[in-house]
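Beneath this line is the structure, given in C-alpha cells, with notes to follow.
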Amino acid sequence: MPVTVRLDDLLHARRMTLTELSQAVDITIANLSILKTGKAKAMRFSTLEAICRVLECQPGDLLVFEQEGDEQ
C-alpha cells in the first residue's frame, strides 16, 4: 500500500508504549496495533486527531505517501 503509518517511529521518539497511547486516546490496543503494522485500510479523522494531539504531531508525521519506485 502506498500510504504507510509511522506510528511505531513516533511512539519510539516519544518514549511511549502502545498501551500508554491506547489509554490516552481511548482506542483499543488491537486497533492501534492494526494501524502500527500497516494492516489498516482506513482511519477515522477523529482517530487521527486524537493520535496527533497526544503525540504532538501533524498528520504528515504519521502518514507517508510513497509512490511505487520510491526508495525510503
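By convention in this document, the chains of the C-alpha cells carry letters A, B, ... by their order, each chain's residues are numbered from 1, and ligands are numbered from 1 in the order they are shown.
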Contacts of A:Leu63 at 12 Å (only C-alpha atoms; same-chain gap of 4+ positions) as a list in words: Met1, Pro2, Val3, Thr4, Val5, Arg6, Leu7, Asp8, Asp9, Leu10, Leu35, Lys36, Gly38, Ala40, Ala42, Met43, Leu48, Ile51, Cys52, Cys57, Gln58 and Pro59 of chain A
Out of chain A, which residues get strand (DSSP E or B) from DSSP, as a PDB file with all heavy atoms, in the first residue's frame?
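Contents of the output file part-v1.pdb:
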ATOM      1  N   VAL A   3       0.417   4.195   1.164  1.00  0.00           N
ATOM      2  CA  VAL A   3       0.373   5.024   2.371  1.00  0.00           C
ATOM      3  C   VAL A   3       0.855   4.171   3.540  1.00  0.00           C
ATOM      4  O   VAL A   3       0.304   3.109   3.812  1.00  0.00           O
ATOM      5  CB  VAL A   3      -1.050   5.563   2.645  1.00  0.00           C
ATOM      6  CG1 VAL A   3      -1.091   6.313   3.966  1.00  0.00           C
ATOM      7  CG2 VAL A   3      -1.512   6.448   1.507  1.00  0.00           C
ATOM      8  N   THR A   4       1.901   4.641   4.199  1.00  0.00           N
ATOM      9  CA  THR A   4       2.411   3.918   5.355  1.00  0.00           C
ATOM     10  C   THR A   4       2.173   4.739   6.617  1.00  0.00           C
ATOM     11  O   THR A   4       2.170   5.966   6.588  1.00  0.00           O
ATOM     12  CB  THR A   4       3.913   3.600   5.225  1.00  0.00           C
ATOM     13  OG1 THR A   4       4.625   4.814   4.985  1.00  0.00           O
ATOM     14  CG2 THR A   4       4.179   2.635   4.098  1.00  0.00           C
ATOM     15  N   VAL A   5       1.972   4.036   7.711  1.00  0.00           N
ATOM     16  CA  VAL A   5       1.728   4.659   9.009  1.00  0.00           C
ATOM     17  C   VAL A   5       3.007   4.531   9.824  1.00  0.00           C
ATOM     18  O   VAL A   5       3.516   3.423  10.020  1.00  0.00           O
ATOM     19  CB  VAL A   5       0.545   3.977   9.741  1.00  0.00           C
ATOM     20  CG1 VAL A   5       0.308   4.634  11.094  1.00  0.00           C
ATOM     21  CG2 VAL A   5      -0.705   4.027   8.884  1.00  0.00           C
ATOM     22  N   LEU A  63       1.404   9.795   8.657  1.00  0.00           N
ATOM     23  CA  LEU A  63       1.072   9.135   7.393  1.00  0.00           C
ATOM     24  C   LEU A  63       2.022   9.605   6.299  1.00  0.00           C
ATOM     25  O   LEU A  63       2.228  10.805   6.133  1.00  0.00           O
ATOM     26  CB  LEU A  63      -0.358   9.464   6.986  1.00  0.00           C
ATOM     27  CG  LEU A  63      -1.447   9.105   7.990  1.00  0.00           C
ATOM     28  CD1 LEU A  63      -2.782   9.659   7.529  1.00  0.00           C
ATOM     29  CD2 LEU A  63      -1.513   7.617   8.200  1.00  0.00           C
ATOM     30  N   VAL A  64       2.573   8.661   5.564  1.00  0.00           N
ATOM     31  CA  VAL A  64       3.508   8.991   4.481  1.00  0.00           C
ATOM     32  C   VAL A  64       3.053   8.290   3.208  1.00  0.00           C
ATOM     33  O   VAL A  64       2.762   7.091   3.216  1.00  0.00           O
ATOM     34  CB  VAL A  64       4.935   8.555   4.836  1.00  0.00           C
ATOM     35  CG1 VAL A  64       5.900   8.882   3.725  1.00  0.00           C
ATOM     36  CG2 VAL A  64       5.378   9.224   6.126  1.00  0.00           C
ATOM     37  N   PHE A  65       2.976   9.048   2.119  1.00  0.00           N
ATOM     38  CA  PHE A  65       2.628   8.500   0.808  1.00  0.00           C
ATOM     39  C   PHE A  65       3.899   8.207   0.041  1.00  0.00           C
ATOM     40  O   PHE A  65       4.743   9.089  -0.141  1.00  0.00           O
ATOM     41  CB  PHE A  65       1.751   9.495   0.033  1.00  0.00           C
ATOM     42  CG  PHE A  65       1.406   9.013  -1.356  1.00  0.00           C
ATOM     43  CD1 PHE A  65       0.494   7.989  -1.536  1.00  0.00           C
ATOM     44  CD2 PHE A  65       2.011   9.566  -2.457  1.00  0.00           C
ATOM     45  CE1 PHE A  65       0.172   7.542  -2.807  1.00  0.00           C
ATOM     46  CE2 PHE A  65       1.700   9.136  -3.734  1.00  0.00           C
ATOM     47  CZ  PHE A  65       0.786   8.111  -3.912  1.00  0.00           C
TER      48      PHE A  65
END
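The space separating atom CA of A:Arg44 from atom CA of A:Ala24 comes to 16.6 Å.
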Residues flagged helix (DSSP H, G or I) by DSSP in stretch 15-48 of chain A, as a PyMOL selection string: chain A and resi 18-25+29-36+45-48
Output the selection as a short mmCIF file (atom, residue, chain, number, x, y, z; two decimals), in the first residue's frame - C-alpha atoms for each residue.
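Saved result, result-v4.cif, follows:
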data_model
loop_
_atom_site.label_atom_id
_atom_site.label_comp_id
_atom_site.auth_asym_id
_atom_site.auth_seq_id
_atom_site.Cartn_x
_atom_site.Cartn_y
_atom_site.Cartn_z
CA LEU A 18 1.24 1.35 22.54
CA THR A 19 -0.58 0.70 25.82
CA GLU A 20 0.03 4.26 27.03
CA LEU A 21 -1.19 5.67 23.71
CA SER A 22 -4.24 3.42 23.82
CA GLN A 23 -5.21 4.75 27.23
CA ALA A 24 -4.54 8.37 26.25
CA VAL A 25 -6.65 8.29 23.07
CA ILE A 29 -4.61 -1.72 21.63
CA ALA A 30 -5.87 -4.10 18.94
CA ASN A 31 -6.99 -1.21 16.71
CA LEU A 32 -3.76 0.72 17.27
CA SER A 33 -1.80 -2.44 16.51
CA ILE A 34 -3.60 -2.75 13.17
CA LEU A 35 -2.51 0.82 12.38
CA LYS A 36 1.02 0.21 13.60
CA PHE A 45 -10.39 11.65 11.26
CA SER A 46 -11.29 11.57 14.96
CA THR A 47 -8.73 8.81 15.48
CA LEU A 48 -6.11 10.72 13.52
#
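Across the model, the gap from atom CA of A:Arg14 to atom CA of A:Lys41 is 25.3 Å.
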